[in-house]
$ cat run-v8.txt   # compact mmCIF, C-alpha atoms
# COMPACT_ATOMS: atom_id res chain seq x y z
CA MET H 73 1.62 294.22 131.59
CA LYS H 74 0.41 296.63 128.90
CA MET H 75 -2.02 294.94 126.56
CA ALA H 76 -3.05 296.69 123.35
CA GLY H 77 -6.70 297.56 122.92
CA VAL H 78 -8.02 296.70 126.35
CA SER H 79 -7.71 300.04 128.06
CA ASN H 80 -11.34 301.17 127.72
CA ASP H 81 -12.73 297.84 128.56
CA ARG H 82 -14.14 296.47 131.83
CA LEU H 83 -14.36 293.06 133.45
CA CYS H 84 -15.77 292.20 136.89
CA GLY H 85 -16.57 295.88 137.32
CA ARG H 86 -12.95 296.97 136.88
CA PRO H 87 -10.94 298.23 133.92
CA VAL H 88 -9.25 295.25 132.25
CA GLU H 89 -5.82 296.76 132.94
CA GLN H 90 -6.75 296.77 136.63
CA VAL H 91 -7.94 293.16 136.43
CA LEU H 92 -4.54 292.16 135.02
CA GLU H 93 -2.73 294.13 137.72
CA ASP H 94 -4.84 292.63 140.50
CA ILE H 95 -4.20 289.13 139.18
CA THR H 96 -0.45 289.81 138.99
CA ALA H 97 -0.35 291.17 142.55
CA PHE H 98 -2.18 288.16 143.99
CA HIS H 99 -1.26 285.22 141.77
CA GLY H 100 2.28 286.27 140.82
CA PHE H 101 1.71 286.84 137.10
CA PRO H 102 -1.27 287.36 134.77
CA ALA H 103 -1.91 283.63 134.37
CA PRO H 104 -4.21 282.80 131.43
CA GLY H 105 -6.28 280.55 133.69
CA VAL H 106 -7.01 283.38 136.11
CA VAL H 107 -7.76 285.83 133.28
CA ILE H 108 -10.31 283.51 131.66
CA GLY H 109 -11.50 282.83 135.21
CA ALA H 110 -12.30 286.54 135.56
CA VAL H 111 -14.42 286.30 132.40
CA MET H 112 -16.19 283.24 133.88
CA VAL H 113 -16.89 285.00 137.19
CA ASP H 114 -18.08 288.08 135.29
CA TRP H 115 -20.61 286.03 133.31
CA ALA H 116 -21.94 284.01 136.26
CA ARG H 117 -22.20 287.14 138.38
CA GLU H 118 -24.09 288.97 135.62
CA ARG H 119 -26.58 286.09 135.25
CA ILE H 120 -27.25 285.92 138.99
CA GLY H 121 -27.98 289.62 139.11
CA THR H 122 -27.18 292.33 141.59
CA GLY H 123 -28.15 292.18 145.23
CA ILE H 124 -27.87 288.38 145.48
CA GLU H 125 -25.30 286.97 147.91
CA ALA H 126 -23.61 284.17 146.04
CA ASP H 127 -21.48 281.29 147.27
CA ALA H 128 -18.95 279.67 144.94
CA ILE H 129 -17.96 276.12 144.02
CA VAL H 130 -14.79 275.71 141.97
CA GLU H 131 -13.99 272.37 140.30
CA THR H 132 -10.21 272.64 140.08
CA LEU H 133 -7.33 273.75 142.30
CA ARG H 134 -5.62 275.37 139.32
CA CYS H 135 -5.94 279.12 138.78
CA LEU H 136 -9.75 279.39 139.08
CA PRO H 137 -9.84 279.65 142.90
CA ASP H 138 -7.80 282.83 142.60
CA ALA H 139 -10.24 284.38 140.10
CA VAL H 140 -13.10 283.70 142.50
CA GLN H 141 -11.18 285.07 145.48
CA LEU H 142 -10.16 288.22 143.61
CA PHE H 143 -13.45 289.05 141.90
CA THR H 144 -16.12 287.90 144.38
CA PRO H 145 -16.37 288.24 148.17
CA CYS H 146 -15.85 284.44 148.43
CA THR H 147 -12.51 283.17 149.76
CA LEU H 148 -11.29 279.78 150.93
CA GLY H 149 -10.76 281.06 154.45
CA ASN H 150 -14.18 282.69 154.87
CA GLY H 151 -15.89 279.52 153.74
CA TRP H 152 -17.94 281.05 150.92
CA MET H 153 -15.86 279.24 148.29
CA ARG H 154 -15.65 275.43 148.21
CA VAL H 155 -12.93 273.94 146.02
CA LEU H 156 -13.17 270.44 144.55
CA ASP H 157 -9.99 268.77 143.29
CA TRP H 158 -11.75 267.44 140.17
CA ASP H 159 -9.52 269.12 137.59
CA ARG H 160 -12.48 270.43 135.61
CA PHE H 161 -12.10 274.04 134.52
CA ALA H 162 -15.51 275.11 135.77
CA LEU H 163 -17.07 277.19 138.51
CA THR H 164 -20.54 277.76 139.90
CA LEU H 165 -21.85 280.85 141.63
CA TYR H 166 -25.20 280.29 143.34
CA ASP H 167 -27.68 282.14 145.49
CA ARG H 168 -27.12 280.73 148.97
CA ALA H 169 -30.81 281.20 149.82
CA THR H 170 -32.38 279.44 146.80
CA ARG H 171 -29.41 277.29 145.70
CA ARG H 172 -30.05 278.39 142.13
CA GLY H 173 -27.09 279.62 140.18
CA TYR H 174 -24.91 279.40 137.09
CA ARG H 175 -22.13 277.00 136.19
CA VAL H 176 -19.60 278.37 133.70
CA ARG H 177 -16.93 276.22 132.10
CA LEU H 178 -14.18 276.59 129.56
CA ASP H 179 -15.56 274.50 126.69
CA ALA H 180 -13.11 272.52 124.52
CA GLY H 181 -15.81 272.34 121.81
CA LYS H 182 -15.73 276.12 121.59
CA THR H 183 -12.00 276.70 122.08
CA ALA H 184 -11.49 274.67 118.86
CA ALA H 185 -12.27 277.85 116.90
CA HIS H 186 -9.56 279.74 118.83
CA PRO H 187 -6.32 277.82 118.20
CA ALA H 188 -4.08 279.55 120.75
CA ILE H 189 -6.61 279.04 123.56
CA HIS H 190 -7.32 275.48 122.41
CA ASP H 191 -3.64 274.54 122.34
CA TRP H 192 -3.09 276.02 125.78
CA PHE H 193 -6.21 274.45 127.32
CA LEU H 194 -5.52 270.98 125.95
CA LYS H 195 -1.73 271.26 126.44
CA ARG H 196 -1.04 270.64 122.77
CA VAL H 197 2.02 272.87 122.58
CA PRO H 198 4.92 273.43 124.97
CA LYS H 199 4.56 276.49 127.14
CA ASP H 200 7.35 278.49 125.47
CA ALA H 201 5.83 278.00 122.00
CA LEU H 202 2.91 280.20 123.03
CA PRO H 203 3.92 283.67 124.25
CA LEU H 204 1.89 284.80 127.24
CA GLU H 205 0.93 288.09 125.64
CA THR H 206 -0.41 286.38 122.52
CA LEU H 207 -2.50 283.99 124.59
CA LEU H 208 -3.86 286.76 126.83
CA GLY H 209 -4.76 288.80 123.76
CA CYS H 210 -6.72 285.84 122.37
CA ILE H 211 -8.49 285.24 125.68
CA LEU H 212 -9.47 288.90 126.02
CA GLU H 213 -10.75 288.90 122.46
CA ALA H 214 -12.67 285.61 122.67
CA ARG H 215 -14.04 286.02 126.21
CA ARG H 216 -17.44 284.32 126.54
CA ALA H 217 -17.14 282.78 123.06
CA VAL H 218 -15.01 279.96 124.54
CA LEU H 219 -17.26 279.38 127.55
CA SER H 220 -20.52 277.58 128.24
CA CYS H 221 -22.92 278.76 130.93
CA ARG H 222 -25.80 276.68 132.34
CA SER H 223 -28.48 277.47 134.86
CA VAL H 224 -28.17 274.95 137.73
CA ILE H 225 -29.58 274.02 141.12
CA VAL H 226 -26.82 273.13 143.58
CA THR H 227 -27.44 269.87 145.49
CA ASP H 228 -24.20 269.34 147.45
CA PHE H 229 -21.07 271.05 148.74
CA PHE H 230 -22.94 273.89 150.37
CA ARG H 231 -21.08 276.20 152.68
CA ARG H 232 -19.30 274.16 155.34
CA PRO H 233 -21.03 273.95 158.72
CA LYS H 234 -19.88 276.18 161.54
CA LYS H 235 -17.67 274.58 164.15
CA GLU H 236 -19.62 273.96 167.34
CA SER H 237 -17.07 272.62 169.76
CA VAL H 238 -13.36 272.12 170.16
CA VAL H 239 -11.48 269.43 172.05
CA ILE H 240 -7.82 268.53 172.52
CA CYS H 241 -6.55 265.63 170.42
CA PRO H 242 -5.16 262.77 172.56
CA GLY H 243 -2.62 262.09 169.80
CA CYS H 244 -0.92 265.45 169.21
CA GLY H 245 -2.31 267.55 172.04
CA GLU H 246 -3.67 270.14 169.61
CA ALA H 247 -7.19 271.57 169.38
CA PHE H 248 -9.60 270.12 166.78
CA ASP H 249 -13.28 269.72 165.94
CA PRO H 250 -14.48 266.44 167.55
CA ARG H 251 -16.77 265.76 164.60
CA ALA H 252 -13.60 264.40 162.91
CA GLY H 253 -13.54 261.44 165.32
CA ASP H 254 -11.69 260.45 168.48
CA CYS H 255 -8.50 262.12 167.33
CA CYS H 256 -7.70 264.76 164.74
CA ARG H 257 -7.34 264.00 161.02
CA GLY H 258 -3.64 264.80 161.16
CA CYS H 259 -3.08 261.99 163.67
CA LEU H 260 -5.46 259.66 161.83
CA ARG H 261 -3.70 260.22 158.53
CA GLY H 262 -0.11 260.64 159.73
CA GLY H 263 1.81 263.88 159.61
CA TYR H 264 3.61 265.67 156.79
CA PHE H 265 6.71 266.77 158.70
CA LYS H 266 9.35 265.66 161.12
CA LEU H 267 10.93 267.86 163.74
CA ASP H 268 14.24 269.27 162.62
CA GLY H 269 16.94 268.51 165.19
CA ALA H 270 19.48 270.52 163.25
CA MET U 63 -11.58 299.34 162.05
CA LYS U 64 -9.64 301.73 164.28
CA MET U 65 -7.81 299.88 167.01
CA ALA U 66 -6.23 301.81 169.85
CA GLY U 67 -2.48 301.61 170.21
CA VAL U 68 -1.57 299.74 167.06
CA SER U 69 -0.90 302.62 164.72
CA ASN U 70 2.91 302.62 164.96
CA ASP U 71 3.16 298.90 164.85
CA ARG U 72 4.00 296.58 161.96
CA LEU U 73 3.10 293.02 161.02
CA CYS U 74 4.06 291.12 157.87
CA GLY U 75 5.95 294.22 156.75
CA ARG U 76 2.86 296.45 156.87
CA PRO U 77 1.43 298.80 159.48
CA VAL U 78 -1.05 296.86 161.63
CA GLU U 79 -3.87 299.19 160.55
CA GLN U 80 -3.09 298.21 156.96
CA VAL U 81 -3.07 294.52 157.89
CA LEU U 82 -6.56 294.90 159.36
CA GLU U 83 -7.76 296.78 156.28
CA ASP U 84 -6.30 294.20 153.91
CA ILE U 85 -7.96 291.40 155.86
CA THR U 86 -11.29 293.21 155.80
CA ALA U 87 -11.10 293.83 152.04
CA PHE U 88 -10.32 290.19 151.27
CA HIS U 89 -12.02 288.17 153.98
CA GLY U 90 -15.04 290.40 154.60
CA PHE U 91 -14.21 291.47 158.16
CA PRO U 92 -11.13 291.48 160.44
CA ALA U 93 -11.67 287.90 161.57
CA PRO U 94 -9.65 286.98 164.69
CA GLY U 95 -8.45 283.82 162.98
CA VAL U 96 -6.96 285.76 160.07
CA VAL U 97 -5.40 288.35 162.39
CA ILE U 98 -3.64 285.71 164.51
CA GLY U 99 -2.83 284.05 161.19
CA ALA U 100 -0.94 287.18 160.16
CA VAL U 101 1.10 286.91 163.37
CA MET U 102 1.80 283.25 162.57
CA VAL U 103 2.91 284.03 159.01
CA ASP U 104 5.05 286.89 160.30
CA TRP U 105 6.87 284.59 162.73
CA ALA U 106 7.44 281.72 160.26
CA ARG U 107 8.58 284.17 157.60
CA GLU U 108 11.03 285.83 160.01
CA ARG U 109 12.51 282.44 160.99
CA ILE U 110 12.98 281.36 157.37
CA GLY U 111 14.81 284.57 156.59
CA THR U 112 14.80 286.85 153.61
CA GLY U 113 15.58 285.70 150.10
CA ILE U 114 14.13 282.20 150.58
CA GLU U 115 11.19 281.22 148.37
CA ALA U 116 8.77 279.48 150.69
CA ASP U 117 5.82 277.21 149.98
CA ALA U 118 2.99 276.92 152.50
CA ILE U 119 0.99 274.11 154.05
CA VAL U 120 -2.09 275.09 156.05
CA GLU U 121 -3.83 272.55 158.31
CA THR U 122 -7.34 274.01 158.35
CA LEU U 123 -9.81 275.50 155.87
CA ARG U 124 -10.84 278.11 158.42
CA CYS U 125 -9.36 281.61 158.24
CA LEU U 126 -5.67 280.62 158.02
CA PRO U 127 -5.61 280.10 154.22
CA ASP U 128 -6.57 283.76 153.83
CA ALA U 129 -3.70 284.94 156.05
CA VAL U 130 -1.25 282.96 153.92
CA GLN U 131 -2.75 284.24 150.67
CA LEU U 132 -2.69 287.86 151.87
CA PHE U 133 0.74 287.95 153.49
CA THR U 134 2.85 285.58 151.37
CA PRO U 135 3.07 285.07 147.58
CA CYS U 136 1.41 281.66 148.06
CA THR U 137 -2.21 281.24 146.90
CA LEU U 138 -4.45 278.24 146.37
CA GLY U 139 -4.66 278.90 142.64
CA ASN U 140 -0.92 279.30 142.03
CA GLY U 141 -0.24 276.03 143.82
CA TRP U 142 2.27 277.36 146.33
CA MET U 143 -0.19 276.83 149.21
CA ARG U 144 -1.54 273.37 150.01
CA VAL U 145 -4.52 273.24 152.35
CA LEU U 146 -5.34 270.18 154.48
CA ASP U 147 -8.84 269.84 155.95
CA TRP U 148 -7.49 268.67 159.31
CA ASP U 149 -9.01 271.41 161.46
CA ARG U 150 -5.72 272.10 163.24
CA PHE U 151 -4.93 275.80 163.59
CA ALA U 152 -1.40 275.50 162.27
CA LEU U 153 0.64 276.44 159.21
CA THR U 154 4.08 275.62 157.86
CA LEU U 155 6.22 277.78 155.61
CA TYR U 156 9.18 275.91 154.15
CA ASP U 157 12.03 276.44 151.75
CA ARG U 158 10.98 274.64 148.60
CA ALA U 159 14.61 273.76 147.80
CA THR U 160 15.64 272.23 151.13
CA ARG U 161 12.18 271.35 152.55
CA ARG U 162 13.24 272.87 155.86
CA GLY U 163 10.86 275.29 157.44
CA TYR U 164 8.81 276.37 160.43
CA ARG U 165 5.46 275.15 161.70
CA VAL U 166 3.55 277.68 163.79
CA ARG U 167 0.41 276.82 165.71
CA LEU U 168 -2.03 278.49 168.03
CA ASP U 169 -1.27 276.69 171.28
CA ALA U 170 -4.12 276.01 173.73
CA GLY U 171 -1.55 275.54 176.49
CA LYS U 172 -0.45 279.13 175.99
CA THR U 173 -3.83 280.72 175.28
CA ALA U 174 -4.85 279.61 178.80
CA ALA U 175 -3.06 282.71 180.14
CA HIS U 176 -5.12 284.94 177.79
CA PRO U 177 -8.76 284.26 178.70
CA ALA U 178 -10.44 286.05 175.78
CA ILE U 179 -8.29 284.26 173.20
CA HIS U 180 -8.66 280.95 175.05
CA ASP U 181 -12.45 281.23 175.19
CA TRP U 182 -12.63 282.11 171.51
CA PHE U 183 -10.20 279.38 170.39
CA LEU U 184 -11.89 276.63 172.39
CA LYS U 185 -15.40 277.97 171.73
CA ARG U 186 -16.14 278.30 175.44
CA VAL U 187 -18.36 281.37 175.13
CA PRO U 188 -21.02 282.33 172.58
CA LYS U 189 -19.80 284.66 169.86
CA ASP U 190 -21.79 287.69 171.02
CA ALA U 191 -20.39 287.44 174.56
CA LEU U 192 -16.96 288.38 173.22
CA PRO U 193 -16.90 291.68 171.31
CA LEU U 194 -14.70 291.53 168.21
CA GLU U 195 -12.73 294.62 169.17
CA THR U 196 -11.87 293.20 172.61
CA LEU U 197 -10.70 289.94 171.10
CA LEU U 198 -8.63 291.66 168.43
CA GLY U 199 -7.05 293.88 171.06
CA CYS U 200 -6.05 290.79 173.07
CA ILE U 201 -4.64 289.04 169.99
CA LEU U 202 -2.60 292.08 168.97
CA GLU U 203 -1.28 292.38 172.51
CA ALA U 204 -0.45 288.70 172.98
CA ARG U 205 0.85 287.97 169.47
CA ARG U 206 3.55 285.28 169.59
CA ALA U 207 2.91 284.61 173.31
CA VAL U 208 -0.04 282.35 172.34
CA LEU U 209 1.83 280.52 169.55
CA SER U 210 4.35 277.72 169.34
CA CYS U 211 6.91 277.57 166.54
CA ARG U 212 8.96 274.47 165.67
CA SER U 213 11.67 273.89 163.10
CA VAL U 214 10.52 271.08 160.78
CA ILE U 215 11.46 269.13 157.67
CA VAL U 216 8.51 268.67 155.34
CA THR U 217 8.03 265.07 154.14
CA ASP U 218 4.72 265.20 152.22
CA PHE U 219 2.22 267.51 150.52
CA PHE U 220 4.83 269.26 148.42
CA ARG U 221 3.70 271.55 145.65
CA ARG U 222 1.31 269.68 143.38
CA PRO U 223 2.77 268.30 140.16
CA LYS U 224 2.28 270.19 136.93
CA LYS U 225 -0.39 268.89 134.61
CA GLU U 226 1.18 267.10 131.67
CA SER U 227 -1.73 266.16 129.46
CA VAL U 228 -5.42 266.76 129.06
CA VAL U 229 -8.10 264.47 127.66
CA ILE U 230 -11.86 264.66 127.26
CA CYS U 231 -13.90 262.74 129.84
CA PRO U 232 -16.18 260.10 128.26
CA GLY U 233 -18.71 260.78 131.00
CA CYS U 234 -19.29 264.53 130.89
CA GLY U 235 -17.38 265.52 127.74
CA GLU U 236 -15.23 267.96 129.68
CA ALA U 237 -11.43 268.28 129.74
CA PHE U 238 -9.50 266.70 132.63
CA ASP U 239 -6.10 265.35 133.66
CA PRO U 240 -6.02 261.62 132.75
CA ARG U 241 -3.97 260.85 135.87
CA ALA U 242 -7.34 260.90 137.68
CA GLY U 243 -8.38 257.68 135.90
CA ASP U 244 -10.55 256.73 132.95
CA CYS U 245 -13.03 259.46 133.62
CA CYS U 246 -12.91 262.68 135.62
CA ARG U 247 -13.35 262.81 139.39
CA GLY U 248 -16.64 264.66 139.00
CA CYS U 249 -18.11 261.73 137.07
CA LEU U 250 -16.50 259.19 139.40
CA ARG U 251 -17.90 260.88 142.48
CA GLY U 252 -21.22 262.13 141.10
CA GLY U 253 -22.08 265.78 140.53
CA TYR U 254 -23.12 268.53 142.88
CA PHE U 255 -25.80 270.16 140.73
CA LYS U 256 -28.76 269.46 138.49
CA LEU U 257 -29.65 271.50 135.44
CA ASP U 258 -32.34 274.04 136.15
CA GLY U 259 -35.24 273.68 133.72
CA ALA U 260 -36.94 276.78 135.11

$ encode --input "run-v8.txt" --output "structure tokens"
Amino acid sequence: MKMAGVSNDRLCGRPVEQVLEDITAFHGFPAPGVVIGAVMVDWARERIGTGIEADAIVETLRCLPDAVQLFTPCTLGNGWMRVLDWDRFALTLYDRATRRGYRVRLDAGKTAAHPAIHDWFLKRVPKDALPLETLLGCILEARRAVLSCRSVIVTDFFRRPKKESVVICPGCGEAFDPRAGDCCRGCLRGGYFKLDGA
Amino acid sequence: MKMAGVSNDRLCGRPVEQVLEDITAFHGFPAPGVVIGAVMVDWARERIGTGIEADAIVETLRCLPDAVQLFTPCTLGNGWMRVLDWDRFALTLYDRATRRGYRVRLDAGKTAAHPAIHDWFLKRVPKDALPLETLLGCILEARRAVLSCRSVIVTDFFRRPKKESVVICPGCGEAFDPRAGDCCRGCLRGGYFKLDGA
């Protein structure tokens, strides 16, 4: 997508045009939530400073995990990003040695001064009443003006522990981490599929 | 990483060298779990056939989510990939219209014939006793021989519902989806950080 007036501009160490292209390639389209997520990552990363290895905690499943995975070394699969299904549009990057870091959130008190962003964030207008390009233009103009950033000390949800042993589940016959219990969580909870005889 | 004998070979529609580079760029290094994950995605994707839009369910937080995010259009943030913390090394790709798909798992009954993969999968040897390049070579030689693939009908964990409304949490003052309850899950559960006065 070509956006007017962003071509000389950088975000997360990349030209903004590149940021939009990278988001499109990974996420499927330049979703507003991932674009503002890039601004959030950029701010937290700047506050932490260079040379610090940071882990990430994301407080929603929507959009933000992709911003973290694209613009930091943290991914879900490498364990450096933890994702909480709390539906709060916030993320924390923190120094894994000191547990000090920065929590950045999209702030409804601040979006109030930016009607397009406010309406999108609080779902006050139907999606097709707000053209994507207009909304992205507003986000890339407002940037940190719609965010709040606080210095925090992380007290929970550190990087997950390494797996130490593996056993075979007596229920399904598949390998799992015995810390889950006598059988795997899939068997404890009940599956999500049936075999297709067709 | 240069691997002998893989240069003319393809996986997930890319040369294997490219697969290893893409994994390294995203995940940090060519983790064995992501590499076998690419083989798993490749198989499920081939069974589903071209032209079918597939959603993904992954049964572990470890490594596999990154294979899905790299080699399918499904990501955590776009909602096309659901991730279950069940610690089973398995994934399902399924047609979101018919809910029919394929579950592929790393099968300990089959890895038994491939000692390096077996020892790694079941954590039978310390990490430094098994050089990464040896293990990757074994994985890229064995490929589907260590996997099992079943045709399934998905019955749960479909794509998450779209958010319909947003309210402000009386606890923290932040925006959330009121389907969570009277206040947001962060307030219900208790936070993971304290403000840093330093």

$ interface_residues --input "run-v8.txt" --of "chain U" --to "chain H" --cutoff "8 Å" --atoms "all atoms listed in the file" --output "number ranges by chain"
U: 88-90, 123-128, 131-132, 135-141, 147-151, 162, 169-170, 183-185, 212-219, 226-229, 236-239, 246-248, 254-259

$ atom_distance --input "run-v8.txt" --atom1 "CA of Leu83 (chain H)" --atom2 "CA of Val197 (chain H)"
28.2 Å

$ atom_distance --input "run-v8.txt" --atom1 "CA of Met102 (chain U)" --atom2 "CA of Leu153 (chain U)"
7.7 Å

$ axis_aligned_box --input "run-v8.txt" --around "region 86-105 of chain U" --padding-each-side "8 Å" --output "JSON"
{"center_x": -4.1, "center_y": 288.5, "center_z": 158.0, "size_x": 37.9, "size_y": 26.6, "size_z": 29.4}

$ atom_distance --input "run-v8.txt" --atom1 "CA of Pro104 (chain H)" --atom2 "CA of Val91 (chain H)"
12.1 Å

$ residues_around --input "run-v8.txt" --residues "Ile98 (chain U)" --least-positions-apart "6" --cutoff "8 Å" --atoms "all atoms listed in the file" --output "ChimeraX atom specification"
/U:201-202,205

$ residues_around --input "run-v8.txt" --residues "Lys172 (chain U)" --least-positions-apart "3" --cutoff "7 Å" --atoms "all atoms listed in the file" --output "JSON, numbers by chain"
{"U": [169, 175, 207, 208, 209]}

$ write_last_selection --input "run-v8.txt" --atoms "C-alpha atoms" --output "tab-separated table (two decimals), in the frame of the given file"
chain	number	residue	atom	x	y	z
U	169	ASP	CA	-1.27	276.69	171.28
U	175	ALA	CA	-3.06	282.71	180.14
U	207	ALA	CA	2.91	284.61	173.31
U	208	VAL	CA	-0.04	282.35	172.34
U	209	LEU	CA	1.83	280.52	169.55

$ residues_around --input "run-v8.txt" --residues "Arg158 (chain U)" --least-positions-apart "4" --cutoff "7 Å" --atoms "all atoms listed in the file" --output "ChimeraX atom specification"
/U:115-117

$ closest_residue --input "run-v8.txt" --among "U:Gly75, U:Gln80, U:Pro193, U:Gly233" --to "Val103 (chain U)" --atoms "only C-alpha atoms"
U:Gly75

$ decode --input "run-v8.txt" --residues "region 105-120 of chain U" --atoms "N, CA, C and O atoms" --output "mmCIF file, in the first residue's frame"
data_model
loop_
_atom_site.group_PDB
_atom_site.id
_atom_site.type_symbol
_atom_site.label_atom_id
_atom_site.label_comp_id
_atom_site.auth_asym_id
_atom_site.auth_seq_id
_atom_site.Cartn_x
_atom_site.Cartn_y
_atom_site.Cartn_z
ATOM 1 N N TRP U 105 3.257 -31.438 4.609
ATOM 2 C CA TRP U 105 2.441 -32.632 4.388
ATOM 3 C C TRP U 105 0.945 -32.302 4.505
ATOM 4 O O TRP U 105 0.143 -32.644 3.632
ATOM 5 N N ALA U 106 0.574 -31.624 5.589
ATOM 6 C CA ALA U 106 -0.845 -31.275 5.786
ATOM 7 C C ALA U 106 -1.351 -30.411 4.638
ATOM 8 O O ALA U 106 -2.450 -30.614 4.106
ATOM 9 N N ARG U 107 -0.534 -29.476 4.219
ATOM 10 C CA ARG U 107 -0.910 -28.556 3.151
ATOM 11 C C ARG U 107 -1.099 -29.327 1.831
ATOM 12 O O ARG U 107 -2.029 -29.077 1.078
ATOM 13 N N GLU U 108 -0.206 -30.276 1.577
ATOM 14 C CA GLU U 108 -0.314 -31.089 0.358
ATOM 15 C C GLU U 108 -1.592 -31.924 0.367
ATOM 16 O O GLU U 108 -2.280 -32.046 -0.660
ATOM 17 N N ARG U 109 -1.952 -32.491 1.531
ATOM 18 C CA ARG U 109 -3.162 -33.309 1.628
ATOM 19 C C ARG U 109 -4.422 -32.466 1.423
ATOM 20 O O ARG U 109 -5.374 -32.922 0.791
ATOM 21 N N ILE U 110 -4.434 -31.270 1.977
ATOM 22 C CA ILE U 110 -5.612 -30.407 1.826
ATOM 23 C C ILE U 110 -5.813 -30.008 0.371
ATOM 24 O O ILE U 110 -6.948 -29.930 -0.105
ATOM 25 N N GLY U 111 -4.734 -29.791 -0.321
ATOM 26 C CA GLY U 111 -4.836 -29.425 -1.730
ATOM 27 C C GLY U 111 -4.819 -27.923 -1.928
ATOM 28 O O GLY U 111 -5.056 -27.154 -0.999
ATOM 29 N N THR U 112 -4.558 -27.538 -3.147
ATOM 30 C CA THR U 112 -4.434 -26.109 -3.440
ATOM 31 C C THR U 112 -5.812 -25.455 -3.484
ATOM 32 O O THR U 112 -6.826 -26.120 -3.694
ATOM 33 N N GLY U 113 -5.845 -24.173 -3.272
ATOM 34 C CA GLY U 113 -7.083 -23.415 -3.415
ATOM 35 C C GLY U 113 -8.015 -23.506 -2.224
ATOM 36 O O GLY U 113 -9.101 -22.940 -2.242
ATOM 37 N N ILE U 114 -7.606 -24.227 -1.171
ATOM 38 C CA ILE U 114 -8.419 -24.307 0.046
ATOM 39 C C ILE U 114 -7.821 -23.362 1.093
ATOM 40 O O ILE U 114 -6.631 -23.442 1.385
ATOM 41 N N GLU U 115 -8.647 -22.481 1.658
ATOM 42 C CA GLU U 115 -8.164 -21.634 2.752
ATOM 43 C C GLU U 115 -8.208 -22.434 4.039
ATOM 44 O O GLU U 115 -9.266 -22.896 4.460
ATOM 45 N N ALA U 116 -7.047 -22.601 4.650
ATOM 46 C CA ALA U 116 -6.965 -23.466 5.826
ATOM 47 C C ALA U 116 -6.654 -22.672 7.082
ATOM 48 O O ALA U 116 -5.795 -21.795 7.068
ATOM 49 N N ASP U 117 -7.356 -22.989 8.168
ATOM 50 C CA ASP U 117 -7.006 -22.500 9.491
ATOM 51 C C ASP U 117 -6.125 -23.545 10.167
ATOM 52 O O ASP U 117 -6.099 -24.706 9.740
ATOM 53 N N ALA U 118 -5.434 -23.129 11.221
ATOM 54 C CA ALA U 118 -4.489 -24.024 11.889
ATOM 55 C C ALA U 118 -4.781 -24.136 13.374
ATOM 56 O O ALA U 118 -5.175 -23.157 14.014
ATOM 57 N N ILE U 119 -4.585 -25.334 13.905
ATOM 58 C CA ILE U 119 -4.587 -25.553 15.351
ATOM 59 C C ILE U 119 -3.267 -26.231 15.690
ATOM 60 O O ILE U 119 -2.899 -27.225 15.066
ATOM 61 N N VAL U 120 -2.544 -25.674 16.648
ATOM 62 C CA VAL U 120 -1.245 -26.204 17.042
ATOM 63 C C VAL U 120 -1.357 -26.640 18.498
ATOM 64 O O VAL U 120 -1.944 -25.933 19.311
#
